[in-house]
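Have a look at entry27.cif; it's mmCIF, C-alpha atoms and all ligand atoms:
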data_model
loop_
_atom_site.label_atom_id
_atom_site.label_comp_id
_atom_site.auth_asym_id
_atom_site.auth_seq_id
_atom_site.Cartn_x
_atom_site.Cartn_y
_atom_site.Cartn_z
CA MET A 1 -46.85 10.22 -12.15
CA LYS A 2 -43.92 8.29 -13.57
CA ARG A 3 -40.86 10.46 -13.17
CA ARG A 4 -37.66 10.26 -15.18
CA ALA A 5 -34.99 8.36 -13.25
CA ALA A 6 -32.67 11.35 -13.85
CA LEU A 7 -34.67 13.32 -11.28
CA GLU A 8 -33.20 11.22 -8.48
CA ARG A 9 -29.75 12.58 -9.32
CA MET A 10 -30.84 16.21 -9.61
CA THR A 11 -30.05 17.82 -6.28
CA PRO A 12 -31.33 21.34 -5.57
CA TYR A 13 -28.86 24.18 -6.17
CA HIS A 14 -27.44 25.69 -3.00
CA ALA A 15 -27.45 29.43 -3.69
CA GLY A 16 -25.40 31.90 -1.67
CA GLU A 17 -27.41 33.03 1.35
CA ARG A 18 -29.48 36.24 1.16
CA ARG A 19 -30.55 37.83 4.43
CA PRO A 20 -32.59 41.01 4.53
CA GLY A 21 -30.37 43.83 5.70
CA ALA A 22 -27.16 41.78 5.55
CA VAL A 23 -24.20 42.46 3.26
CA LYS A 24 -24.10 39.67 0.68
CA LEU A 25 -20.63 38.29 0.06
CA SER A 26 -21.87 34.80 -0.71
CA SER A 27 -22.30 34.68 -4.51
CA ASN A 28 -19.32 36.46 -6.13
CA GLU A 29 -21.44 39.27 -7.50
CA ASN A 30 -20.04 42.71 -8.23
CA PRO A 31 -20.36 44.44 -4.82
CA ARG A 32 -20.46 47.87 -6.53
CA GLY A 33 -23.57 46.98 -8.53
CA CYS A 34 -23.60 47.45 -12.29
CA SER A 35 -22.44 50.24 -14.56
CA PRO A 36 -24.84 53.22 -14.25
CA ALA A 37 -24.94 53.29 -18.05
CA ALA A 38 -26.10 49.65 -18.07
CA ALA A 39 -28.85 50.48 -15.57
CA ARG A 40 -30.00 53.38 -17.74
CA ALA A 41 -30.00 51.18 -20.85
CA ALA A 42 -32.08 48.54 -19.04
CA ILE A 43 -34.66 51.13 -18.03
CA ALA A 44 -34.77 52.62 -21.53
CA ALA A 45 -35.29 49.13 -22.98
CA MET A 46 -38.60 48.95 -21.09
CA GLU A 47 -39.97 51.04 -23.97
CA GLU A 48 -39.80 47.81 -25.95
CA ALA A 49 -41.18 45.55 -23.23
CA HIS A 50 -44.20 44.66 -25.35
CA ILE A 51 -42.08 43.46 -28.31
CA TYR A 52 -40.32 40.09 -28.39
CA PRO A 53 -36.55 40.34 -28.09
CA ASP A 54 -34.23 39.97 -31.07
CA GLY A 55 -33.73 36.23 -30.71
CA ALA A 56 -30.54 36.41 -32.75
CA ALA A 57 -29.18 39.24 -30.54
CA ARG A 58 -27.56 40.77 -33.64
CA ASP A 59 -26.42 44.08 -32.12
CA LEU A 60 -25.03 42.48 -29.00
CA LYS A 61 -23.24 39.77 -30.96
CA ALA A 62 -21.71 42.41 -33.24
CA LEU A 63 -20.38 44.28 -30.22
CA LEU A 64 -19.19 41.11 -28.51
CA ALA A 65 -17.43 40.12 -31.72
CA GLU A 66 -15.50 43.40 -31.61
CA GLU A 67 -14.67 42.98 -27.94
CA THR A 68 -13.61 39.35 -28.12
CA GLY A 69 -12.01 39.24 -31.56
CA MET A 70 -14.45 36.47 -32.54
CA LYS A 71 -17.07 36.48 -35.30
CA PRO A 72 -20.80 36.82 -34.53
CA GLU A 73 -21.30 33.23 -35.75
CA GLU A 74 -18.81 32.09 -33.13
CA ILE A 75 -21.02 33.39 -30.29
CA ILE A 76 -24.16 32.01 -28.61
CA LEU A 77 -26.13 33.94 -26.00
CA GLY A 78 -27.65 32.30 -22.95
CA ASN A 79 -29.99 33.18 -20.11
CA GLY A 80 -26.88 33.24 -17.96
CA SER A 81 -23.93 31.02 -18.80
CA ASP A 82 -25.86 28.40 -16.81
CA GLU A 83 -28.17 28.11 -19.77
CA VAL A 84 -25.28 27.69 -22.20
CA LEU A 85 -24.24 24.70 -20.08
CA THR A 86 -27.64 23.14 -20.67
CA PHE A 87 -27.27 23.80 -24.43
CA ILE A 88 -23.96 21.95 -24.33
CA ALA A 89 -25.54 19.02 -22.53
CA ALA A 90 -28.61 18.92 -24.79
CA ALA A 91 -26.50 19.10 -27.93
CA TYR A 92 -23.76 16.61 -27.05
CA ILE A 93 -24.66 14.30 -24.16
CA ASN A 94 -26.66 11.15 -24.82
CA PRO A 95 -27.99 8.95 -22.01
CA GLY A 96 -25.09 6.96 -20.52
CA ASP A 97 -22.39 9.27 -21.91
CA ARG A 98 -19.77 10.25 -19.38
CA THR A 99 -18.49 13.68 -18.46
CA LEU A 100 -15.50 14.61 -16.33
CA VAL A 101 -16.02 17.17 -13.58
CA GLY A 102 -13.51 18.38 -10.97
CA GLU A 103 -14.04 17.31 -7.36
CA HIS A 104 -14.37 20.87 -6.04
CA THR A 105 -16.06 23.05 -8.60
CA PHE A 106 -19.24 24.75 -9.76
CA SER A 107 -22.26 22.45 -9.46
CA GLN A 108 -23.94 23.17 -12.80
CA TYR A 109 -21.66 20.87 -14.81
CA ARG A 110 -23.17 17.97 -12.86
CA PHE A 111 -26.64 19.40 -13.23
CA ALA A 112 -26.34 19.68 -17.01
CA THR A 113 -24.93 16.14 -17.33
CA ASN A 114 -27.61 14.62 -15.10
CA LEU A 115 -30.34 16.49 -16.94
CA MET A 116 -29.48 14.54 -20.09
CA ASP A 117 -29.03 11.19 -18.29
CA GLY A 118 -25.26 11.40 -18.61
CA ILE A 119 -22.94 10.01 -15.97
CA VAL A 120 -20.56 12.30 -14.09
CA GLU A 121 -17.09 11.06 -13.27
CA THR A 122 -15.45 13.06 -10.53
CA VAL A 123 -11.82 14.01 -11.11
CA PRO A 124 -9.90 14.23 -7.82
CA MET A 125 -8.33 17.54 -6.77
CA PRO A 126 -6.14 16.46 -3.83
CA ASP A 127 -4.18 19.72 -3.74
CA LEU A 128 -7.33 21.70 -4.71
CA ARG A 129 -5.86 22.30 -8.16
CA MET A 130 -7.79 21.40 -11.29
CA ASP A 131 -5.00 19.35 -12.83
CA PRO A 132 -5.43 18.74 -16.60
CA ASP A 133 -3.32 15.55 -16.33
CA ARG A 134 -5.86 14.04 -13.96
CA PHE A 135 -8.57 14.73 -16.52
CA LEU A 136 -6.44 13.18 -19.26
CA GLU A 137 -5.98 10.02 -17.18
CA ARG A 138 -9.76 9.54 -17.19
CA ILE A 139 -10.36 10.02 -20.90
CA SER A 140 -12.00 7.01 -22.49
CA GLU A 141 -14.21 6.39 -25.50
CA ASN A 142 -17.48 7.19 -23.77
CA VAL A 143 -16.27 10.43 -22.19
CA ARG A 144 -18.16 13.00 -24.28
CA ALA A 145 -17.18 16.15 -22.46
CA LEU A 146 -14.96 17.52 -19.75
CA PHE A 147 -15.66 20.65 -17.77
CA LEU A 148 -12.83 22.92 -16.72
CA CYS A 149 -13.22 26.11 -14.74
CA SER A 150 -10.49 28.74 -14.67
CA PRO A 151 -10.25 30.64 -12.40
CA ASN A 152 -12.09 27.89 -10.59
CA ASN A 153 -15.06 28.46 -8.35
CA PRO A 154 -14.54 28.00 -5.37
CA THR A 155 -10.72 28.06 -5.22
CA GLY A 156 -9.95 31.01 -7.50
CA LEU A 157 -7.00 29.02 -8.90
CA ALA A 158 -6.34 29.34 -12.63
CA ILE A 159 -5.15 26.77 -15.15
CA SER A 160 -2.03 27.96 -16.99
CA GLY A 161 -1.89 28.47 -20.74
CA ASN A 162 0.72 25.69 -21.00
CA GLU A 163 -1.47 23.25 -19.07
CA LEU A 164 -4.48 23.99 -21.23
CA GLU A 165 -2.54 23.64 -24.46
CA HIS A 166 -1.12 20.32 -23.27
CA LEU A 167 -4.64 19.08 -22.52
CA LEU A 168 -6.12 20.28 -25.81
CA ARG A 169 -3.38 18.52 -27.75
CA LYS A 170 -4.08 15.22 -26.01
CA VAL A 171 -7.87 15.17 -25.82
CA PRO A 172 -9.53 13.31 -28.72
CA ARG A 173 -11.31 15.67 -31.13
CA GLU A 174 -14.56 13.81 -30.40
CA THR A 175 -14.45 14.88 -26.75
CA LEU A 176 -15.79 18.33 -25.97
CA VAL A 177 -13.62 20.54 -23.75
CA VAL A 178 -15.70 23.12 -21.92
CA MET A 179 -13.79 25.97 -20.34
CA ASP A 180 -15.83 28.08 -17.93
CA HIS A 181 -14.20 31.52 -17.77
CA ALA A 182 -16.85 33.21 -15.56
CA TYR A 183 -14.06 34.92 -13.55
CA ILE A 184 -11.45 35.45 -16.26
CA ASP A 185 -11.83 39.24 -16.21
CA TYR A 186 -10.29 39.31 -12.74
CA GLN A 187 -7.21 37.20 -13.38
CA ASP A 188 -3.90 39.09 -13.37
CA ASP A 189 -1.41 36.23 -13.49
CA PRO A 190 0.10 36.42 -16.99
CA ALA A 191 0.57 32.62 -16.96
CA ALA A 192 -3.18 32.02 -16.47
CA CYS A 193 -4.95 30.76 -19.57
CA ASP A 194 -7.41 32.46 -21.89
CA ALA A 195 -8.95 29.57 -23.82
CA ARG A 196 -10.47 31.84 -26.46
CA GLN A 197 -7.23 31.88 -28.46
CA TYR A 198 -7.40 28.10 -29.00
CA ILE A 199 -10.95 27.93 -30.38
CA ARG A 200 -10.09 28.04 -34.07
CA GLU A 201 -7.39 25.38 -33.66
CA TYR A 202 -9.55 23.12 -31.48
CA PRO A 203 -13.12 22.80 -32.79
CA ASN A 204 -13.98 20.66 -29.74
CA LEU A 205 -13.49 23.64 -27.39
CA VAL A 206 -16.36 25.73 -26.00
CA VAL A 207 -15.61 28.75 -23.80
CA LEU A 208 -18.19 30.19 -21.40
CA ARG A 209 -18.35 33.81 -20.26
CA THR A 210 -20.86 35.74 -18.20
CA PHE A 211 -22.18 39.24 -17.56
CA SER A 212 -23.01 38.23 -13.98
CA LYS A 213 -19.65 38.97 -12.39
CA ILE A 214 -17.51 41.92 -13.47
CA TYR A 215 -20.41 43.55 -15.35
CA GLY A 216 -22.70 43.25 -12.32
CA LEU A 217 -25.72 41.98 -14.27
CA ALA A 218 -26.42 38.72 -12.41
CA ALA A 219 -30.14 39.48 -12.02
CA LEU A 220 -30.62 40.03 -15.75
CA ARG A 221 -29.36 36.52 -16.59
CA ILE A 222 -27.05 36.88 -19.53
CA GLY A 223 -23.94 34.95 -20.53
CA PHE A 224 -22.40 33.60 -23.70
CA GLY A 225 -20.50 30.77 -25.26
CA LEU A 226 -17.68 30.98 -27.82
CA ALA A 227 -16.81 28.18 -30.22
CA VAL A 228 -16.32 27.48 -33.93
CA PRO A 229 -19.42 28.19 -36.05
CA GLU A 230 -20.25 24.45 -36.41
CA ARG A 231 -20.47 24.03 -32.62
CA ILE A 232 -22.46 27.24 -32.21
CA ALA A 233 -24.93 26.09 -34.91
CA GLU A 234 -25.37 22.76 -33.08
CA MET A 235 -26.07 24.51 -29.80
CA GLU A 236 -28.42 26.98 -31.48
CA ARG A 237 -30.70 24.05 -32.31
CA VAL A 238 -31.51 23.51 -28.62
CA ARG A 239 -31.87 27.20 -27.70
CA SER A 240 -35.39 28.51 -27.24
CA PRO A 241 -36.07 31.47 -29.55
CA PHE A 242 -36.29 34.36 -27.08
CA ASN A 243 -34.05 33.18 -24.26
CA VAL A 244 -32.35 36.53 -23.57
CA SER A 245 -34.53 39.54 -22.84
CA THR A 246 -34.26 42.86 -24.64
CA ILE A 247 -33.48 44.46 -21.28
CA ALA A 248 -30.55 42.12 -20.71
CA GLN A 249 -29.25 42.61 -24.26
CA HIS A 250 -29.29 46.40 -23.99
CA ALA A 251 -27.79 46.44 -20.50
CA ALA A 252 -25.02 44.10 -21.66
CA MET A 253 -24.17 46.38 -24.62
CA ALA A 254 -23.95 49.43 -22.36
CA ALA A 255 -21.88 47.44 -19.83
CA LEU A 256 -19.40 46.40 -22.51
CA LYS A 257 -18.94 50.04 -23.52
CA ASP A 258 -18.39 51.29 -19.96
CA GLU A 259 -14.67 50.65 -19.67
CA PRO A 260 -14.12 53.02 -16.71
CA PHE A 261 -16.59 50.95 -14.66
CA VAL A 262 -14.69 47.75 -15.41
CA THR A 263 -11.35 49.39 -14.65
CA SER A 264 -12.50 50.78 -11.31
CA THR A 265 -14.12 47.44 -10.39
CA LEU A 266 -10.78 45.75 -11.02
CA GLU A 267 -8.94 48.35 -8.98
CA ASP A 268 -11.34 47.86 -6.04
CA ASN A 269 -10.95 44.12 -6.38
CA ARG A 270 -7.16 44.37 -6.27
CA THR A 271 -7.04 46.57 -3.18
CA GLY A 272 -9.89 44.69 -1.49
CA LYS A 273 -8.14 41.38 -2.07
CA ALA A 274 -4.92 42.64 -0.48
CA ARG A 275 -6.83 43.96 2.52
CA MET A 276 -8.80 40.74 3.02
CA ILE A 277 -5.64 38.64 2.72
CA ALA A 278 -4.02 40.82 5.41
CA LEU A 279 -7.05 40.22 7.67
CA PHE A 280 -6.96 36.44 7.16
CA GLN A 281 -3.22 36.40 7.86
CA GLU A 282 -3.73 38.38 11.06
CA LEU A 283 -6.42 35.88 12.14
CA GLY A 284 -4.31 32.84 11.19
CA LEU A 285 -6.81 31.63 8.57
CA PRO A 286 -5.00 30.15 5.55
CA HIS A 287 -6.27 31.43 2.19
CA ILE A 288 -6.04 30.03 -1.33
CA PRO A 289 -4.28 32.49 -3.71
CA SER A 290 -7.24 33.53 -5.84
CA GLN A 291 -7.30 34.94 -9.38
CA ALA A 292 -10.97 35.89 -9.01
CA ASN A 293 -13.30 38.25 -7.13
CA PHE A 294 -13.46 36.04 -4.05
CA LEU A 295 -11.16 34.43 -1.53
CA THR A 296 -11.49 30.99 -0.03
CA ILE A 297 -10.17 30.38 3.46
CA ALA A 298 -9.74 27.31 5.64
CA VAL A 299 -11.58 27.60 8.96
CA PRO A 300 -11.02 25.66 12.17
CA THR A 301 -14.66 24.60 12.63
CA ASP A 302 -17.45 23.31 10.38
CA ALA A 303 -17.88 25.85 7.58
CA ARG A 304 -21.66 26.15 8.03
CA GLU A 305 -21.21 26.95 11.69
CA PHE A 306 -18.55 29.57 10.88
CA ALA A 307 -20.72 31.12 8.16
CA ARG A 308 -23.70 31.29 10.51
CA GLU A 309 -21.65 33.22 13.08
CA ILE A 310 -20.56 35.75 10.46
CA ALA A 311 -24.10 36.01 9.08
CA ASN A 312 -25.37 36.78 12.56
CA LYS A 313 -23.03 39.79 12.48
CA GLY A 314 -24.59 41.02 9.23
CA ILE A 315 -22.53 39.45 6.40
CA THR A 316 -23.44 36.36 4.45
CA VAL A 317 -20.56 34.25 3.13
CA ARG A 318 -20.49 30.85 1.43
CA PRO A 319 -19.69 27.69 3.42
CA LEU A 320 -18.25 25.19 0.97
CA ASN A 321 -19.75 21.97 2.35
CA SER A 322 -21.70 21.46 -0.87
CA PHE A 323 -18.45 21.82 -2.85
CA GLY A 324 -16.92 18.95 -0.83
CA LEU A 325 -14.94 21.36 1.37
CA PRO A 326 -16.62 21.29 4.78
CA GLN A 327 -13.88 23.38 6.40
CA HIS A 328 -13.62 26.14 3.83
CA ILE A 329 -15.51 29.39 3.36
CA ARG A 330 -15.66 31.46 0.18
CA ILE A 331 -16.02 35.22 0.59
CA THR A 332 -16.65 37.69 -2.23
CA ILE A 333 -14.20 40.60 -2.24
CA GLY A 334 -16.38 43.45 -1.04
CA THR A 335 -16.30 47.23 -1.29
CA PRO A 336 -14.08 49.07 1.24
CA ASP A 337 -17.12 49.60 3.54
CA GLN A 338 -18.14 45.96 3.32
CA ILE A 339 -14.61 44.82 4.09
CA GLU A 340 -14.59 47.06 7.14
CA LEU A 341 -17.73 45.29 8.39
CA LEU A 342 -16.19 41.93 7.60
CA GLU A 343 -13.07 42.83 9.55
CA ALA A 344 -15.16 43.79 12.57
CA ALA A 345 -17.30 40.65 12.32
CA MET A 346 -14.35 38.31 11.97
CA ARG A 347 -12.28 39.91 14.71
CA LYS A 348 -15.24 39.64 17.12
CA ARG A 349 -15.79 35.93 16.50
C1 LIG A 401 -17.89 29.13 -12.44
C2 LIG A 401 -19.22 29.72 -12.70
N1 LIG A 401 -19.77 29.57 -13.90
C3 LIG A 401 -20.97 30.07 -14.19
C4 LIG A 401 -21.68 30.77 -13.23
C5 LIG A 401 -23.06 31.24 -13.54
O1 LIG A 401 -23.04 32.30 -14.32
P1 LIG A 401 -24.41 32.91 -14.90
O2 LIG A 401 -24.92 33.85 -13.89
O3 LIG A 401 -23.94 33.55 -16.17
O4 LIG A 401 -25.36 31.78 -15.17
C6 LIG A 401 -21.16 30.95 -11.97
C7 LIG A 401 -21.93 31.67 -10.94
O5 LIG A 401 -21.61 31.78 -9.82
C8 LIG A 401 -19.89 30.41 -11.70
O6 LIG A 401 -19.35 30.53 -10.49
#
As structure tokens, please, write out the structure in this file.
Ligand SMILES: Cc1ncc(COP(=O)(O)O)c(C=O)c1O
Amino acid sequence: MKRRAALERMTPYHAGERRPGAVKLSSNENPRGCSPAAARAAIAAMEEAHIYPDGAARDLKALLAEETGMKPEEIILGNGSDEVLTFIAAAYINPGDRTLVGEHTFSQYRFATNLMDGIVETVPMPDLRMDPDRFLERISENVRALFLCSPNNPTGLAISGNELEHLLRKVPRETLVVMDHAYIDYQDDPAACDARQYIREYPNLVVLRTFSKIYGLAALRIGFGLAVPERIAEMERVRSPFNVSTIAQHAAMAALKDEPFVTSTLEDNRTGKARMIALFQELGLPHIPSQANFLTIAVPTDAREFAREIANKGITVRPLNSFGLPQHIRITIGTPDQIELLEAAMRKR
């Protein structure tokens, strides 16, 4: 069989490790689960399991519009925000087009580019920061898109509002700026950016959000993109008709309405973060100041080795070798009980 040449560049995704019986702090999920109301809504939606989903997700879009201050026609739903990334690539990247991707960031920007025979240019992050000026330096005529992530996975560092505005002003209107805000709900630095406010001024901006993190719905695969109606209509052309299940749509609506769950998740995250930072300081392991639901630490040995030792004590964490950081580990901020186990495991190393 003659394969597409693009396949050679498509490397398998390295998912966070799952081990039966182990606590999973390797994929930045919500350690408390999902809102009980969302779980009930998902179960109730099984009544409609024999009927195709509403492909236009009208009710969910109406609710999201209220929550985000956008219009329903400024929203596109994806089977996870991962799928919205593939819509972006399918709608805007022609073979040979270039995209700019940070040196240490989420792998799916590369995946989406490679899928469409685009060419990824890696933007260096020498101080681990995603520096908009370094992206601007690389802009040329055949750069079709650049992918920003704030707070960034795996550093947790956020791009400031000023930095983003500066970049948006300088990027040509023909170049798409993708801002992945998967972790934005956790950020508490008032200087950190929220790209949503720039969408109407910059029609080349697409913002990605997900229900997989703070809403705890990673298994249901649901995320969304925000952009001006023209961009959304272009991406809609490459979306398959029933990409988001009825179960996911109903769970997402219930999750959006359950504010107390979100508030208590944030509170747990805040206290858990402080406790984990105290542990890392006690153990002399430098951490990156994160604006997300995980912390990344520098470790003295190879990250895979370090992660294996912790996993053998019952907690899976994420070695960052595949992110180009072979001496860093990313650990999801757990529940108080999980952090207690982590403390014991790390002190015993
Ligand atoms: C930065 C970033 N974007 C997107 C995703 C994927 O989100 P989804 O589950 O909505 O596909 C992740 C998942 O870890 C992520 O870290």
Residues within 7 Å of ligand LIG 401 (chain A), counting all atoms listed in the file, as a list in words: Ser27, Asn28, Asn79, Gly80, Ser81, Asp82, Glu83, Phe106, Cys149, Asn152, Asn153, Asp180, His181, Ala182, Arg209, Thr210, Phe211, Ser212, Ala218, Arg221, Ile222 and Gly223 of chain A
When you draw a straight line from CA of Tyr186 in chain A to CA of Ser35 in chain A, how long is it in Å?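 CA of Ser35 in chain A lies 16.4 Å from CA of Tyr186 in chain A.
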Counting all atoms listed in the file, which of A:Leu220, A:Cys193, A:Ala251, A:Leu63 gets nearest to Ala41 in chain A? A:Ala251
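Distance annotation: of A:Asp185, A:Glu165, A:Asp302, A:Glu201, the residue with the minimal separation from Leu320 in chain A is A:Asp302; atom set is all atoms listed in the file.
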Residue nearest Asp337 in chain A - candidates A:Ala57, A:Pro31, A:Ala298, A:Lys313, atoms counted: only C-alpha atoms: A:Pro31
Spatial neighbours of Val262 in chain A, 10 Å, all atoms listed in the file, chain gap at least 2 places, as a ChimeraX atom specification: /A:34-35,185-186,214-216,255-260,264-268
So which one's closest to Arg32 in chain A, A:Thr296, A:Thr175, A:Asn269, A:Gln281? Using all atoms listed in the file, please. A:Asn269
In the coordinate frame of the file, compute which residues have an atom within 8 Å of (-13.3, 17.3, -6.7) when using only C-alpha atoms, and state them as a compact mmCIF listing (two decimals) with C-alpha atoms, in the frame of the given file.
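Result written to result_22.txt:
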# COMPACT_ATOMS: atom_id res chain seq x y z
CA VAL A 101 -16.02 17.17 -13.58
CA GLY A 102 -13.51 18.38 -10.97
CA GLU A 103 -14.04 17.31 -7.36
CA HIS A 104 -14.37 20.87 -6.04
CA THR A 105 -16.06 23.05 -8.60
CA THR A 122 -15.45 13.06 -10.53
CA VAL A 123 -11.82 14.01 -11.11
CA PRO A 124 -9.90 14.23 -7.82
CA MET A 125 -8.33 17.54 -6.77
CA PRO A 126 -6.14 16.46 -3.83
CA LEU A 128 -7.33 21.70 -4.71
CA PHE A 323 -18.45 21.82 -2.85
CA GLY A 324 -16.92 18.95 -0.83
Do you have the CA of Ile310 in chain A-CA of Ile339 in chain A distance handy?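 Result for CA of Ile310 in chain A versus CA of Ile339 in chain A: 12.6 Å, one decimal.
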Saving range 217-225 of chain A with all heavy atoms, as a PDB file, in the first residue's frame, what would that file be?
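Dumped to result19.pdb:
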ATOM      1  N   LEU A 217     -14.501  16.366  32.393  1.00  0.00           N
ATOM      2  CA  LEU A 217     -15.215  15.524  31.415  1.00  0.00           C
ATOM      3  C   LEU A 217     -14.284  14.976  30.324  1.00  0.00           C
ATOM      4  O   LEU A 217     -14.723  14.774  29.176  1.00  0.00           O
ATOM      5  CB  LEU A 217     -16.365  16.325  30.782  1.00  0.00           C
ATOM      6  CG  LEU A 217     -17.468  16.785  31.743  1.00  0.00           C
ATOM      7  CD1 LEU A 217     -18.498  17.653  31.009  1.00  0.00           C
ATOM      8  CD2 LEU A 217     -18.169  15.581  32.399  1.00  0.00           C
ATOM      9  N   ALA A 218     -13.041  14.702  30.677  1.00  0.00           N
ATOM     10  CA  ALA A 218     -12.056  14.288  29.663  1.00  0.00           C
ATOM     11  C   ALA A 218     -12.521  13.065  28.868  1.00  0.00           C
ATOM     12  O   ALA A 218     -12.299  12.973  27.660  1.00  0.00           O
ATOM     13  CB  ALA A 218     -10.703  14.017  30.316  1.00  0.00           C
ATOM     14  N   ALA A 219     -13.179  12.120  29.548  1.00  0.00           N
ATOM     15  CA  ALA A 219     -13.571  10.879  28.862  1.00  0.00           C
ATOM     16  C   ALA A 219     -14.701  11.105  27.860  1.00  0.00           C
ATOM     17  O   ALA A 219     -14.893  10.298  26.954  1.00  0.00           O
ATOM     18  CB  ALA A 219     -14.001   9.832  29.889  1.00  0.00           C
ATOM     19  N   LEU A 220     -15.452  12.185  28.029  1.00  0.00           N
ATOM     20  CA  LEU A 220     -16.590  12.409  27.125  1.00  0.00           C
ATOM     21  C   LEU A 220     -16.182  13.129  25.848  1.00  0.00           C
ATOM     22  O   LEU A 220     -16.969  13.216  24.911  1.00  0.00           O
ATOM     23  CB  LEU A 220     -17.707  13.170  27.840  1.00  0.00           C
ATOM     24  CG  LEU A 220     -18.347  12.432  29.010  1.00  0.00           C
ATOM     25  CD1 LEU A 220     -19.580  13.175  29.499  1.00  0.00           C
ATOM     26  CD2 LEU A 220     -18.736  11.014  28.620  1.00  0.00           C
ATOM     27  N   ARG A 221     -14.949  13.642  25.806  1.00  0.00           N
ATOM     28  CA  ARG A 221     -14.396  14.287  24.612  1.00  0.00           C
ATOM     29  C   ARG A 221     -15.266  15.441  24.136  1.00  0.00           C
ATOM     30  O   ARG A 221     -16.079  15.302  23.237  1.00  0.00           O
ATOM     31  CB  ARG A 221     -14.195  13.255  23.458  1.00  0.00           C
ATOM     32  CG  ARG A 221     -13.491  11.982  23.829  1.00  0.00           C
ATOM     33  CD  ARG A 221     -12.132  12.230  24.479  1.00  0.00           C
ATOM     34  NE  ARG A 221     -11.244  13.021  23.655  1.00  0.00           N
ATOM     35  CZ  ARG A 221     -10.648  14.153  24.097  1.00  0.00           C
ATOM     36  NH1 ARG A 221     -10.846  14.615  25.331  1.00  0.00           N
ATOM     37  NH2 ARG A 221      -9.833  14.801  23.310  1.00  0.00           N
ATOM     38  N   ILE A 222     -15.077  16.563  24.787  1.00  0.00           N
ATOM     39  CA  ILE A 222     -15.808  17.753  24.337  1.00  0.00           C
ATOM     40  C   ILE A 222     -14.998  19.018  24.633  1.00  0.00           C
ATOM     41  O   ILE A 222     -14.499  19.209  25.744  1.00  0.00           O
ATOM     42  CB  ILE A 222     -17.258  17.808  24.912  1.00  0.00           C
ATOM     43  CG1 ILE A 222     -17.966  19.083  24.451  1.00  0.00           C
ATOM     44  CG2 ILE A 222     -17.324  17.629  26.404  1.00  0.00           C
ATOM     45  CD1 ILE A 222     -19.482  19.037  24.556  1.00  0.00           C
ATOM     46  N   GLY A 223     -14.839  19.824  23.591  1.00  0.00           N
ATOM     47  CA  GLY A 223     -14.134  21.097  23.702  1.00  0.00           C
ATOM     48  C   GLY A 223     -14.729  22.038  22.678  1.00  0.00           C
ATOM     49  O   GLY A 223     -15.616  21.663  21.918  1.00  0.00           O
ATOM     50  N   PHE A 224     -14.251  23.281  22.668  1.00  0.00           N
ATOM     51  CA  PHE A 224     -14.830  24.221  21.702  1.00  0.00           C
ATOM     52  C   PHE A 224     -13.828  25.271  21.257  1.00  0.00           C
ATOM     53  O   PHE A 224     -12.818  25.502  21.914  1.00  0.00           O
ATOM     54  CB  PHE A 224     -16.109  24.875  22.249  1.00  0.00           C
ATOM     55  CG  PHE A 224     -15.974  25.636  23.545  1.00  0.00           C
ATOM     56  CD1 PHE A 224     -15.878  27.015  23.559  1.00  0.00           C
ATOM     57  CD2 PHE A 224     -15.959  24.962  24.759  1.00  0.00           C
ATOM     58  CE1 PHE A 224     -15.789  27.724  24.765  1.00  0.00           C
ATOM     59  CE2 PHE A 224     -15.860  25.653  25.968  1.00  0.00           C
ATOM     60  CZ  PHE A 224     -15.770  27.030  25.961  1.00  0.00           C
ATOM     61  N   GLY A 225     -14.163  25.859  20.116  1.00  0.00           N
ATOM     62  CA  GLY A 225     -13.352  26.950  19.586  1.00  0.00           C
ATOM     63  C   GLY A 225     -14.205  28.200  19.526  1.00  0.00           C
ATOM     64  O   GLY A 225     -15.435  28.131  19.337  1.00  0.00           O
TER      65      GLY A 225
END
